[in-house]
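With compact mmCIF, C-alpha atoms and all ligand atoms inside, this is structure_31.txt:
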# COMPACT_ATOMS: atom_id res chain seq x y z
CA MET A 1 58.01 -24.57 14.24
CA LYS A 2 61.48 -23.69 13.02
CA SER A 3 62.89 -27.17 13.64
CA SER A 4 59.76 -29.21 12.94
CA THR A 5 61.49 -30.63 9.86
CA PRO A 6 64.89 -31.93 10.91
CA HIS A 7 66.41 -32.15 7.42
CA PRO A 8 65.19 -29.24 5.30
CA VAL A 9 66.26 -28.88 1.69
CA ILE A 10 67.67 -25.42 1.02
CA PRO A 11 69.06 -23.61 -2.03
CA VAL A 12 72.84 -23.85 -2.02
CA ASN A 13 73.24 -20.09 -1.64
CA GLN A 14 71.58 -20.32 1.76
CA LEU A 15 74.20 -22.82 2.88
CA GLN A 16 76.56 -21.47 5.51
CA SER A 17 79.63 -22.49 7.39
CA GLY A 18 78.52 -24.54 10.36
CA MET A 19 75.71 -26.33 8.52
CA TYR A 20 75.78 -30.10 8.27
CA VAL A 21 75.00 -31.32 4.75
CA VAL A 22 73.46 -34.78 4.57
CA ALA A 23 72.69 -34.92 0.85
CA ILE A 24 72.99 -33.08 -2.44
CA THR A 25 69.42 -32.91 -3.68
CA ARG A 26 69.80 -31.06 -6.97
CA GLN A 27 72.66 -30.48 -9.35
CA SER A 28 73.08 -29.91 -13.04
CA GLY A 29 75.32 -32.09 -15.16
CA ALA A 30 76.09 -35.76 -14.79
CA MET A 31 78.89 -35.51 -12.22
CA GLU A 32 77.83 -37.09 -8.97
CA ILE A 33 79.04 -35.40 -5.82
CA ALA A 34 79.14 -37.43 -2.66
CA GLN A 35 80.51 -34.58 -0.56
CA THR A 36 78.50 -34.35 2.63
CA GLY A 37 79.32 -33.41 6.18
CA LEU A 38 79.97 -30.24 8.11
CA VAL A 39 80.65 -27.10 6.07
CA THR A 40 83.67 -25.47 7.67
CA ASN A 41 84.48 -22.68 5.22
CA PRO A 42 82.87 -20.67 2.40
CA LYS A 43 85.24 -22.19 -0.20
CA GLN A 44 83.41 -25.49 0.13
CA ILE A 45 80.14 -23.74 -0.71
CA GLU A 46 81.71 -22.01 -3.71
CA ALA A 47 83.02 -25.37 -4.92
CA LEU A 48 79.54 -26.88 -4.72
CA ILE A 49 78.07 -23.97 -6.72
CA ARG A 50 80.86 -24.29 -9.32
CA ARG A 51 80.04 -27.95 -9.74
CA GLY A 52 76.40 -27.14 -10.48
CA VAL A 53 74.88 -28.01 -7.11
CA SER A 54 71.76 -25.93 -6.57
CA ALA A 55 70.11 -27.49 -3.50
CA VAL A 56 71.25 -29.48 -0.50
CA GLN A 57 69.64 -31.16 2.45
CA VAL A 58 70.94 -30.11 5.85
CA ASP A 59 70.67 -31.72 9.26
CA LEU A 60 69.93 -28.86 11.64
CA SER A 61 70.53 -30.97 14.73
CA ARG A 62 74.14 -31.66 13.65
CA SER A 63 74.74 -28.09 12.43
CA LYS A 64 76.84 -25.77 14.54
CA LEU A 65 75.21 -22.42 13.98
CA VAL A 66 74.69 -19.47 16.20
CA SER A 67 71.09 -19.14 15.05
CA ILE A 68 69.43 -21.57 12.69
CA ASP A 69 66.43 -19.29 12.73
CA GLN A 70 68.36 -16.43 11.20
CA THR A 71 70.04 -18.69 8.71
CA LEU A 72 66.79 -19.96 7.28
CA SER A 73 65.03 -16.61 7.35
CA PRO A 74 66.84 -14.69 4.69
CA GLU A 75 66.51 -10.98 5.15
CA PRO A 76 67.16 -8.67 2.25
CA SER A 77 70.85 -8.00 2.05
CA PRO A 78 71.67 -4.38 2.74
CA ALA A 79 75.08 -4.92 1.17
CA ILE A 80 73.74 -4.94 -2.36
CA THR A 81 74.09 -1.60 -4.03
CA ASP A 82 72.45 -0.52 -7.20
CA PRO A 83 74.78 2.03 -8.69
CA GLN A 84 73.12 1.91 -12.08
CA ARG A 85 69.56 2.06 -10.91
CA PRO A 86 67.65 4.64 -12.87
CA GLY A 87 66.83 7.57 -10.68
CA ALA A 88 68.79 6.22 -7.70
CA SER A 89 68.98 9.01 -5.20
CA ALA A 90 69.04 9.70 -1.52
CA ASN A 91 65.28 10.08 -1.71
CA GLY A 92 64.87 6.80 -3.59
CA GLU A 93 66.97 4.94 -1.06
CA GLY A 94 65.08 6.60 1.76
CA ARG A 95 61.81 5.52 0.22
CA GLU A 96 62.96 1.89 -0.06
CA LEU A 97 64.07 1.90 3.54
CA LYS A 98 60.74 3.35 4.55
CA ILE A 99 58.82 0.63 2.74
CA ARG A 100 61.00 -2.06 4.25
CA ARG A 101 60.47 -0.56 7.67
CA LEU A 102 56.73 -0.56 7.10
CA TYR A 103 56.87 -4.23 6.17
CA GLN A 104 58.95 -5.07 9.26
CA GLU A 105 56.66 -3.02 11.45
CA ALA A 106 53.57 -4.76 10.11
CA ARG A 107 55.24 -8.12 10.69
CA ALA A 108 56.28 -7.20 14.21
CA LEU A 109 52.79 -5.94 15.09
CA GLN A 110 51.26 -9.05 13.67
CA GLY A 111 53.66 -11.20 15.68
CA LYS A 112 52.68 -9.30 18.80
CA PHE A 113 49.00 -9.73 17.98
CA ILE A 114 49.44 -13.49 17.60
CA ARG A 115 51.44 -13.74 20.85
CA GLN A 116 48.76 -11.81 22.73
CA LEU A 117 46.05 -14.06 21.35
CA LYS A 118 47.97 -17.19 22.28
CA ALA A 119 48.54 -15.88 25.79
CA GLY A 120 44.86 -15.01 26.15
CA GLU A 121 45.71 -11.34 26.73
CA PRO A 122 43.34 -8.54 25.74
CA ILE A 123 43.95 -7.59 22.13
CA ASP A 124 43.91 -4.27 20.42
CA ILE A 125 43.85 -4.00 16.63
CA THR A 126 44.39 -0.22 16.57
CA PRO A 127 48.14 -0.40 15.73
CA LEU A 128 47.48 -3.00 13.00
CA ALA A 129 44.69 -0.87 11.56
CA ALA A 130 47.10 2.06 11.35
CA VAL A 131 49.69 -0.05 9.58
CA ALA A 132 47.05 -1.37 7.14
CA GLU A 133 46.19 2.22 6.29
CA GLU A 134 49.82 3.00 5.65
CA MET A 135 50.12 -0.12 3.50
CA VAL A 136 47.20 1.03 1.34
CA ASP A 137 48.69 4.53 0.99
CA THR A 138 52.03 3.02 0.02
CA MET A 139 50.30 0.74 -2.48
CA PHE A 140 49.07 3.86 -4.26
CA SER A 141 52.40 5.68 -4.19
CA HIS A 142 54.82 2.75 -4.63
CA GLY A 143 52.82 -0.32 -5.61
CA ASP A 144 55.67 -2.18 -7.29
CA ALA A 145 57.97 -1.82 -4.31
CA MET A 146 55.27 -3.21 -2.04
CA LEU A 147 54.65 -6.15 -4.35
CA CYS A 148 58.36 -6.84 -4.37
CA LEU A 149 58.28 -7.27 -0.63
CA ALA A 150 55.53 -9.83 -1.01
CA ARG A 151 58.15 -12.07 -2.63
CA ILE A 152 60.26 -12.16 0.49
CA ARG A 153 59.54 -15.29 2.34
CA ALA A 154 60.84 -16.96 5.42
CA LYS A 155 59.85 -20.57 5.47
CA ASP A 156 59.69 -20.83 9.21
CA ALA A 157 57.40 -17.85 9.61
CA TYR A 158 54.89 -18.97 7.04
CA LEU A 159 51.72 -17.85 8.76
CA MET A 160 52.97 -14.30 9.13
CA GLU A 161 54.45 -14.09 5.65
CA HIS A 162 51.34 -15.51 4.06
CA SER A 163 49.10 -13.05 5.88
CA MET A 164 51.33 -10.12 4.95
CA ASN A 165 51.32 -11.20 1.33
CA VAL A 166 47.58 -11.73 1.19
CA ALA A 167 47.17 -8.22 2.61
CA ILE A 168 49.54 -6.69 0.02
CA LEU A 169 47.96 -8.65 -2.84
CA LEU A 170 44.44 -7.70 -1.75
CA ALA A 171 45.41 -4.03 -1.55
CA ASN A 172 46.93 -4.26 -5.02
CA PHE A 173 43.99 -6.13 -6.52
CA GLY A 174 41.45 -3.82 -4.86
CA ARG A 175 43.27 -0.76 -6.12
CA TYR A 176 43.26 -2.20 -9.64
CA LEU A 177 39.51 -2.82 -9.37
CA GLY A 178 39.04 0.79 -8.33
CA LEU A 179 37.63 0.04 -4.88
CA GLU A 180 37.19 2.90 -2.52
CA HIS A 181 40.05 3.77 -0.13
CA GLY A 182 38.18 2.84 3.05
CA VAL A 183 37.28 -0.57 1.62
CA LEU A 184 40.92 -1.14 0.62
CA LYS A 185 42.00 -0.51 4.18
CA GLU A 186 39.47 -2.97 5.52
CA LEU A 187 40.47 -5.58 2.94
CA THR A 188 44.13 -5.11 3.82
CA LEU A 189 43.52 -5.53 7.53
CA GLY A 190 41.24 -8.47 6.74
CA GLY A 191 44.18 -9.99 4.82
CA LEU A 192 46.55 -9.46 7.75
CA LEU A 193 44.11 -11.24 10.05
CA HIS A 194 42.44 -13.79 7.79
CA ASP A 195 44.30 -16.88 9.02
CA VAL A 196 44.66 -15.88 12.63
CA GLY A 197 42.59 -18.93 13.65
CA LYS A 198 45.58 -21.09 12.70
CA ILE A 199 47.07 -20.35 16.10
CA MET A 200 44.53 -22.90 17.34
CA THR A 201 45.61 -25.53 14.79
CA PRO A 202 48.12 -28.03 16.20
CA ASP A 203 51.61 -27.62 14.71
CA GLU A 204 51.77 -31.24 13.54
CA VAL A 205 48.73 -30.60 11.32
CA LEU A 206 49.68 -27.05 10.33
CA ASN A 207 53.20 -27.98 9.23
CA LYS A 208 52.70 -31.54 8.07
CA PRO A 209 54.83 -31.99 4.95
CA GLY A 210 52.73 -34.75 3.36
CA LYS A 211 49.08 -35.06 2.48
CA LEU A 212 46.67 -34.57 5.37
CA THR A 213 44.39 -37.45 6.40
CA ASP A 214 40.63 -36.76 6.29
CA GLU A 215 40.65 -36.26 10.03
CA GLU A 216 43.62 -33.87 9.91
CA PHE A 217 42.01 -31.95 7.08
CA GLY A 218 38.92 -31.58 9.23
CA VAL A 219 41.08 -30.06 11.97
CA MET A 220 42.80 -27.78 9.44
CA ARG A 221 39.47 -26.53 8.05
CA LEU A 222 38.46 -25.40 11.51
CA HIS A 223 40.99 -22.54 11.32
CA VAL A 224 38.43 -20.50 9.40
CA VAL A 225 35.85 -20.94 12.14
CA HIS A 226 38.48 -19.99 14.73
CA SER A 227 39.48 -16.91 12.71
CA HIS A 228 35.85 -15.85 12.55
CA ASP A 229 35.25 -16.41 16.27
CA ILE A 230 38.43 -14.61 17.35
CA LEU A 231 37.68 -11.60 15.16
CA LEU A 232 34.03 -11.48 16.15
CA ALA A 233 35.18 -11.04 19.73
CA THR A 234 37.66 -8.30 18.77
CA ALA A 235 36.80 -4.62 18.90
CA GLY A 236 37.14 -2.65 15.68
CA ILE A 237 36.57 -5.52 13.29
CA THR A 238 34.26 -4.65 10.39
CA PRO A 239 32.01 -6.94 8.31
CA ILE A 240 34.48 -6.85 5.38
CA MET A 241 37.34 -8.04 7.60
CA LEU A 242 35.13 -10.80 9.02
CA GLU A 243 34.13 -11.83 5.53
CA VAL A 244 37.73 -12.19 4.34
CA ALA A 245 38.57 -14.26 7.41
CA ALA A 246 35.46 -16.43 7.40
CA ASN A 247 34.98 -16.99 3.66
CA HIS A 248 38.38 -17.16 1.97
CA HIS A 249 38.06 -20.93 1.48
CA GLU A 250 34.51 -20.84 0.08
CA ARG A 251 34.25 -21.72 -3.61
CA LEU A 252 31.68 -20.79 -6.29
CA ASP A 253 30.36 -24.34 -6.78
CA GLY A 254 29.77 -24.90 -3.07
CA SER A 255 32.82 -27.18 -2.66
CA GLY A 256 34.57 -24.83 -0.25
CA TYR A 257 34.41 -24.60 3.52
CA PRO A 258 33.29 -24.10 6.22
CA ARG A 259 29.76 -23.15 5.15
CA ARG A 260 29.75 -24.45 1.58
CA LEU A 261 28.46 -21.13 0.30
CA LYS A 262 27.51 -21.12 -3.38
CA GLY A 263 27.34 -18.73 -6.33
CA ALA A 264 25.79 -15.40 -5.41
CA GLN A 265 26.38 -16.09 -1.71
CA LEU A 266 30.04 -15.32 -2.39
CA SER A 267 30.51 -11.56 -2.32
CA LEU A 268 33.14 -9.67 -4.32
CA TYR A 269 35.47 -9.56 -1.28
CA THR A 270 35.05 -13.29 -0.67
CA ARG A 271 35.82 -14.02 -4.32
CA MET A 272 38.87 -11.75 -4.29
CA SER A 273 40.28 -13.26 -1.10
CA GLY A 274 39.85 -16.82 -2.40
CA ILE A 275 41.89 -15.99 -5.52
CA VAL A 276 44.61 -14.11 -3.65
CA ASP A 277 44.87 -16.74 -0.90
CA VAL A 278 45.39 -19.58 -3.40
CA TYR A 279 47.84 -17.54 -5.48
CA ASP A 280 50.04 -16.85 -2.47
CA ALA A 281 49.74 -20.39 -1.07
CA VAL A 282 50.88 -22.08 -4.29
CA THR A 283 53.73 -19.64 -4.96
CA ALA A 284 55.07 -19.93 -1.40
CA ASP A 285 58.24 -21.84 -0.63
CA ARG A 286 57.91 -24.06 2.38
CA VAL A 287 60.67 -26.01 4.06
CA TYR A 288 59.25 -29.18 2.51
CA LYS A 289 58.12 -27.93 -0.89
CA GLN A 290 59.12 -25.40 -3.50
CA GLY A 291 56.70 -22.71 -4.56
CA MET A 292 55.39 -22.43 -8.09
CA GLN A 293 56.27 -19.62 -10.44
CA PRO A 294 53.61 -16.90 -10.81
CA THR A 295 52.76 -18.02 -14.34
CA GLN A 296 52.09 -21.58 -13.10
CA ALA A 297 49.93 -20.15 -10.33
CA PHE A 298 47.91 -18.21 -12.92
CA ARG A 299 47.31 -21.48 -14.74
CA ILE A 300 46.00 -23.10 -11.52
CA LEU A 301 43.61 -20.18 -11.03
CA LEU A 302 42.40 -20.35 -14.63
CA LYS A 303 41.87 -24.10 -14.26
CA GLY A 304 39.66 -23.39 -11.28
CA ALA A 305 37.77 -20.61 -13.05
CA ASP A 306 33.97 -20.98 -13.11
CA HIS A 307 33.71 -23.82 -10.61
CA HIS A 308 36.03 -22.48 -7.88
CA PHE A 309 36.79 -18.92 -8.84
CA ASP A 310 35.05 -16.10 -10.62
CA ARG A 311 36.51 -16.23 -14.15
CA GLU A 312 36.18 -12.50 -14.75
CA LEU A 313 37.98 -11.76 -11.47
CA VAL A 314 40.74 -14.30 -12.18
CA THR A 315 41.35 -12.60 -15.53
CA ARG A 316 41.48 -9.21 -13.90
CA PHE A 317 43.78 -10.48 -11.14
CA ILE A 318 46.21 -11.83 -13.75
CA LYS A 319 46.05 -8.53 -15.62
CA CYS A 320 46.71 -6.58 -12.46
CA MET A 321 49.70 -8.74 -11.56
CA GLY A 322 51.06 -8.37 -15.11
CA VAL A 323 52.51 -10.88 -17.55
CA TYR A 324 55.69 -10.79 -15.54
CA PRO A 325 54.71 -10.04 -11.95
CA VAL A 326 57.09 -7.98 -9.86
CA GLY A 327 59.66 -10.28 -8.28
CA THR A 328 59.66 -12.78 -11.17
CA LEU A 329 63.03 -14.11 -12.30
CA VAL A 330 63.39 -13.93 -16.08
CA GLN A 331 65.92 -15.07 -18.67
CA LEU A 332 67.07 -12.29 -20.97
CA SER A 333 68.18 -12.75 -24.56
CA ASN A 334 71.86 -12.25 -23.65
CA GLN A 335 72.24 -15.20 -21.24
CA ARG A 336 71.53 -13.05 -18.24
CA LEU A 337 68.99 -13.55 -15.49
CA ALA A 338 67.11 -10.58 -14.12
CA ILE A 339 64.38 -9.87 -11.58
CA VAL A 340 61.30 -7.90 -12.60
CA MET A 341 61.22 -4.81 -10.40
CA GLN A 342 58.70 -2.44 -11.99
CA ARG A 343 55.82 -3.22 -14.31
CA ASN A 344 55.27 -1.30 -17.50
CA PRO A 345 51.53 -0.88 -18.11
CA GLN A 346 52.12 0.51 -21.62
CA GLU A 347 54.40 -2.34 -22.66
CA PRO A 348 53.83 -5.27 -20.28
CA LEU A 349 56.54 -7.37 -21.96
CA LYS A 350 59.17 -4.72 -21.21
CA PRO A 351 59.33 -4.10 -17.46
CA VAL A 352 62.23 -2.56 -15.53
CA VAL A 353 64.50 -5.37 -14.35
CA LYS A 354 67.53 -5.91 -12.17
CA VAL A 355 70.19 -7.99 -13.93
CA ILE A 356 71.94 -10.32 -11.47
CA TYR A 357 73.32 -13.51 -13.00
CA HIS A 358 75.09 -14.92 -16.05
CA THR A 359 73.70 -18.31 -17.01
CA GLY A 360 76.56 -19.24 -19.36
CA GLN A 361 79.31 -18.54 -16.85
CA ARG A 362 77.09 -19.47 -13.91
CA HIS A 363 78.09 -16.60 -11.70
CA TYR A 364 76.55 -13.50 -10.18
CA LEU A 365 77.02 -10.16 -11.90
CA GLU A 366 77.29 -6.73 -10.47
CA VAL A 367 73.67 -5.70 -10.04
CA GLN A 368 72.45 -3.53 -12.91
CA TRP A 369 69.08 -1.90 -13.42
CA LEU A 370 67.73 -2.09 -16.93
CA ASP A 371 64.60 -0.53 -18.42
CA LEU A 372 63.70 -2.94 -21.22
CA ALA A 373 61.40 -0.35 -22.80
CA LYS A 374 64.11 2.26 -23.12
CA ASN A 375 65.27 3.27 -26.60
CA GLY A 376 68.39 1.43 -27.66
CA VAL A 377 67.99 -1.46 -25.21
CA GLN A 378 68.34 -4.67 -27.24
CA GLU A 379 67.67 -7.26 -24.55
CA ARG A 380 64.26 -8.83 -24.27
CA ILE A 381 62.70 -11.39 -21.98
CA GLU A 382 62.84 -14.94 -23.33
CA SER A 383 61.21 -16.87 -20.51
CA THR A 384 60.53 -16.99 -16.80
CA VAL A 385 62.98 -19.01 -14.74
CA ASP A 386 62.68 -20.94 -11.51
CA PRO A 387 65.19 -19.30 -9.10
CA LYS A 388 65.96 -22.68 -7.54
CA GLU A 389 67.33 -23.91 -10.84
CA PHE A 390 70.28 -21.62 -10.24
CA GLY A 391 70.21 -21.66 -6.44
CA ILE A 392 69.21 -18.00 -6.42
CA ASN A 393 67.51 -16.57 -3.35
CA LEU A 394 65.36 -13.69 -4.59
CA ALA A 395 65.03 -12.26 -1.10
CA ASN A 396 68.67 -11.15 -1.36
CA PHE A 397 67.90 -8.99 -4.36
CA VAL A 398 64.42 -7.52 -4.08
FE FE B 1 43.11 -19.97 5.34

Once more with this new file: its structure as structure tokens, please.
Ligand SMILES: [Fe+2]
Amino acid sequence: MKSSTPHPVIPVNQLQSGMYVVAITRQSGAMEIAQTGLVTNPKQIEALIRRGVSAVQVDLSRSKLVSIDQTLSPEPSPAITDPQRPGASANGEGRELKIRRLYQEARALQGKFIRQLKAGEPIDITPLAAVAEEMVDTMFSHGDAMLCLARIRAKDAYLMEHSMNVAILLANFGRYLGLEHGVLKELTLGGLLHDVGKIMTPDEVLNKPGKLTDEEFGVMRLHVVHSHDILLATAGITPIMLEVAANHHERLDGSGYPRRLKGAQLSLYTRMSGIVDVYDAVTADRVYKQGMQPTQAFRILLKGADHHFDRELVTRFIKCMGVYPVGTLVQLSNQRLAIVMQRNPQEPLKPVVKVIYHTGQRHYLEVQWLDLAKNGVQERIESTVDPKEFGINLANFV
């Protein structure tokens, strides 16, 4: 899967020595740069950034890297320190590490689960159920930090990332709706497992960059049936988990699949999972396409309200994610870019942000935490910004 696309387009800040650049795909300004070939030192990358290049296309087969996999799967950088973070303390740091570890653990368990399924080995969901419980608990104690993790994406591990994110988003949405703790746990585990049937979908269909043919789409749609069948044969699966897996592509007007359920046949959990699944799918970066910004994704959901999605639930989902969802890159009034880190329910337009970049000078800044609601803080958010415009990889900062 990792090398199914030979020439991926990547943000320039993911470029590394040893990569072979075949084309500059995005740059600001009129100056044309024809510089392609093997990157032999970091200065070449800096020069590209200085000249406004924000994305390049690389030929992985001609690249001389130790591990392409690692290169294209950005992990959060532990090197970034946040000296000015409000309330930064040994405990705070410990908590962040704990949440990261939980995320990694859930991913690892999920990977193991998928491998076991593929190998036809007996499967046991007990460890995943335990991790789902911990995820729900953490959503209550540190919801924003969990949502931040949902912004970390590795393009070559899409299935796992997507499932993790759907689980986190369902836990968050369910908590907002006031669902009972046991239900939240089932929804979260349902989210982790909802697309498991995709292991039966051939890679060439699953990862096809272009539009699917009718026949390929038919094959793709079968993943829901596979998910349902796999889970039905698995011990410990509850009706709510099955529902999330079997119905997340059903739509209110009966245009969904596989059973073309309609109206009242779609339960609350089915309706929630449809919204969350689409939100994550359209905001996801894939090797062959860039993800939308959260605000654009909200627009897609609102456009589908009434015929595809439950309007009331879409509205509540948007409210629960906030005007500026955690992990959104925003432009501040003083030419600085910042990432939304913590929502502010009292003043949604003034979240806590992490300032990282100067748009005028086009360079990174020393990371600074800023509570926009705090007395005396003059900066305000002017707009949301597409991180790719500046070649910024959010995963390095959240
Ligand atoms: Fe799906």

For Arg271 (chain A), which residue among A:Val385, A:Met220, A:Ala305, A:Met160 is the nearest when counting all atoms listed in the file? A:Ala305

Taking all atoms listed in the file into account, name the residue in A:His226, A:Arg311, A:Arg259, A:Lys112 that is nearest to ligand FE 1 (chain B).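 Between A:His226, A:Arg311, A:Arg259, A:Lys112, the residue approaching ligand FE 1 (chain B) most closely is A:His226.
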
Within 7 Å of ligand FE 1 (chain B) (counting all atoms listed in the file), which residues show up? I'd like them as a PDB file with C-alpha atoms, keeping the file's coordinate frame.
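That gives us selection-v8.pdb:
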ATOM      1  CA  HIS A 194      42.440 -13.790   7.790  1.00  0.00           C
ATOM      2  CA  ASP A 195      44.300 -16.880   9.020  1.00  0.00           C
ATOM      3  CA  HIS A 223      40.990 -22.540  11.320  1.00  0.00           C
ATOM      4  CA  VAL A 224      38.430 -20.500   9.400  1.00  0.00           C
ATOM      5  CA  HIS A 248      38.380 -17.160   1.970  1.00  0.00           C
ATOM      6  CA  HIS A 249      38.060 -20.930   1.480  1.00  0.00           C
TER       7      HIS A 249
END

Mind dumping a table of every region 253-338 of chain A residue within 6 Å of region 353-363 of chain A, with the nearest atom pair and its distance in Å to one decimal, using all atoms listed in the file, sorted by chain and rising number, as JSON lines?
{"residue": "A:Gln335", "atom": "CA", "partner": "A:Thr359", "partner_atom": "CA", "distance": 5.4}
{"residue": "A:Arg336", "atom": "CA", "partner": "A:His358", "partner_atom": "CA", "distance": 4.6}
{"residue": "A:Leu337", "atom": "CA", "partner": "A:Tyr357", "partner_atom": "CA", "distance": 5.0}
{"residue": "A:Ala338", "atom": "CA", "partner": "A:Val355", "partner_atom": "CA", "distance": 4.0}

For a cutoff of 12 Å around the file-coordinate point (41.1, -3.7, -5.2), which residues qualify once you count all atoms listed in the file? I'd like the result as a ChimeraX atom specification. /A:136,139-140,167-188,268-269,271-273,276,313,316-317,320-321

Just give me the gap between CA of Thr25 (chain A) and CA of Gln293 (chain A) in Å, one decimal is fine.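 That distance, rounded to one decimal, is 19.9 Å.
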
Residues within 10 Å of Arg251 (chain A), all atoms listed in the file, excluding chain neighbours under 4 positions, as a PDB file with C-alpha atoms, keeping the file's coordinate frame:
ATOM      1  CA  ASN A 247      34.980 -16.990   3.660  1.00  0.00           C
ATOM      2  CA  SER A 255      32.820 -27.180  -2.660  1.00  0.00           C
ATOM      3  CA  GLY A 256      34.570 -24.830  -0.250  1.00  0.00           C
ATOM      4  CA  TYR A 257      34.410 -24.600   3.520  1.00  0.00           C
ATOM      5  CA  ARG A 259      29.760 -23.150   5.150  1.00  0.00           C
ATOM      6  CA  ARG A 260      29.750 -24.450   1.580  1.00  0.00           C
ATOM      7  CA  LEU A 261      28.460 -21.130   0.300  1.00  0.00           C
ATOM      8  CA  LYS A 262      27.510 -21.120  -3.380  1.00  0.00           C
ATOM      9  CA  GLY A 263      27.340 -18.730  -6.330  1.00  0.00           C
ATOM     10  CA  GLN A 265      26.380 -16.090  -1.710  1.00  0.00           C
ATOM     11  CA  LEU A 266      30.040 -15.320  -2.390  1.00  0.00           C
ATOM     12  CA  THR A 270      35.050 -13.290  -0.670  1.00  0.00           C
ATOM     13  CA  ARG A 271      35.820 -14.020  -4.320  1.00  0.00           C
ATOM     14  CA  GLY A 274      39.850 -16.820  -2.400  1.00  0.00           C
ATOM     15  CA  ILE A 275      41.890 -15.990  -5.520  1.00  0.00           C
ATOM     16  CA  GLY A 304      39.660 -23.390 -11.280  1.00  0.00           C
ATOM     17  CA  ASP A 306      33.970 -20.980 -13.110  1.00  0.00           C
ATOM     18  CA  HIS A 307      33.710 -23.820 -10.610  1.00  0.00           C
ATOM     19  CA  HIS A 308      36.030 -22.480  -7.880  1.00  0.00           C
ATOM     20  CA  PHE A 309      36.790 -18.920  -8.840  1.00  0.00           C
ATOM     21  CA  ASP A 310      35.050 -16.100 -10.620  1.00  0.00           C
TER      22      ASP A 310
END

Quick one: pull the distance between CA of Gly197 (chain A) and CA of Ile123 (chain A), Å, one decimal. 14.2 Å

If I take CA of Asp203 (chain A) and CA of Tyr279 (chain A), how far is one from the other in Å, to one decimal?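 Distance between the two atoms: 22.9 Å.
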
Have a look at A:Glu379, A:Asp280, A:Glu389, A:Glu366 and name the one nearest to Leu147 (chain A); count only C-alpha atoms. A:Asp280

When you count only C-alpha atoms, which of these residues is closest to Met200 (chain A): A:Ala130, A:Leu222, A:Ile45, A:Val323?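 Looking at the shortest contact to Met200 (chain A), the residue is A:Leu222.
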
Nearest residue to Tyr158 (chain A) from the set A:Leu117, A:Leu109, A:Leu206, A:Ala132 (distances using all atoms listed in the file):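 Using all atoms listed in the file, Tyr158 (chain A) sits closest to A:Leu206.
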
Using all atoms listed in the file, which residue out of A:Pro348, A:Gly376, A:Gly291, A:Gly120 lies closest to Gly322 (chain A)?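 Under the stated criterion, the closest residue is A:Pro348.
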
Where atoms are missing, can you supply N, CA and C atoms for region 161-173 of chain A and output the lot as a PDB file, keeping the file's coordinate frame?
ATOM      1  N   GLU A 161      54.137 -14.492   7.024  1.00  0.00           N
ATOM      2  CA  GLU A 161      54.450 -14.090   5.650  1.00  0.00           C
ATOM      3  C   GLU A 161      53.215 -14.175   4.766  1.00  0.00           C
ATOM      4  N   HIS A 162      52.513 -15.289   4.913  1.00  0.00           N
ATOM      5  CA  HIS A 162      51.340 -15.510   4.060  1.00  0.00           C
ATOM      6  C   HIS A 162      50.309 -14.409   4.314  1.00  0.00           C
ATOM      7  N   SER A 163      50.101 -14.080   5.568  1.00  0.00           N
ATOM      8  CA  SER A 163      49.100 -13.050   5.880  1.00  0.00           C
ATOM      9  C   SER A 163      49.519 -11.690   5.345  1.00  0.00           C
ATOM     10  N   MET A 164      50.817 -11.384   5.490  1.00  0.00           N
ATOM     11  CA  MET A 164      51.330 -10.120   4.950  1.00  0.00           C
ATOM     12  C   MET A 164      51.113 -10.066   3.435  1.00  0.00           C
ATOM     13  N   ASN A 165      51.426 -11.186   2.791  1.00  0.00           N
ATOM     14  CA  ASN A 165      51.320 -11.200   1.330  1.00  0.00           C
ATOM     15  C   ASN A 165      49.886 -11.093   0.862  1.00  0.00           C
ATOM     16  N   VAL A 166      48.998 -11.801   1.559  1.00  0.00           N
ATOM     17  CA  VAL A 166      47.580 -11.730   1.190  1.00  0.00           C
ATOM     18  C   VAL A 166      47.103 -10.288   1.350  1.00  0.00           C
ATOM     19  N   ALA A 167      47.553  -9.624   2.395  1.00  0.00           N
ATOM     20  CA  ALA A 167      47.170  -8.220   2.610  1.00  0.00           C
ATOM     21  C   ALA A 167      47.674  -7.346   1.464  1.00  0.00           C
ATOM     22  N   ILE A 168      48.949  -7.504   1.099  1.00  0.00           N
ATOM     23  CA  ILE A 168      49.540  -6.690   0.020  1.00  0.00           C
ATOM     24  C   ILE A 168      48.827  -6.986  -1.315  1.00  0.00           C
ATOM     25  N   LEU A 169      48.592  -8.277  -1.571  1.00  0.00           N
ATOM     26  CA  LEU A 169      47.960  -8.650  -2.840  1.00  0.00           C
ATOM     27  C   LEU A 169      46.513  -8.169  -2.907  1.00  0.00           C
ATOM     28  N   LEU A 170      45.815  -8.206  -1.777  1.00  0.00           N
ATOM     29  CA  LEU A 170      44.440  -7.700  -1.750  1.00  0.00           C
ATOM     30  C   LEU A 170      44.404  -6.190  -1.982  1.00  0.00           C
ATOM     31  N   ALA A 171      45.348  -5.483  -1.360  1.00  0.00           N
ATOM     32  CA  ALA A 171      45.410  -4.030  -1.550  1.00  0.00           C
ATOM     33  C   ALA A 171      45.679  -3.709  -3.019  1.00  0.00           C
ATOM     34  N   ASN A 172      46.581  -4.482  -3.613  1.00  0.00           N
ATOM     35  CA  ASN A 172      46.930  -4.260  -5.020  1.00  0.00           C
ATOM     36  C   ASN A 172      45.754  -4.563  -5.947  1.00  0.00           C
ATOM     37  N   PHE A 173      45.117  -5.694  -5.690  1.00  0.00           N
ATOM     38  CA  PHE A 173      43.990  -6.130  -6.520  1.00  0.00           C
ATOM     39  C   PHE A 173      42.831  -5.130  -6.368  1.00  0.00           C
TER      40      PHE A 173
END
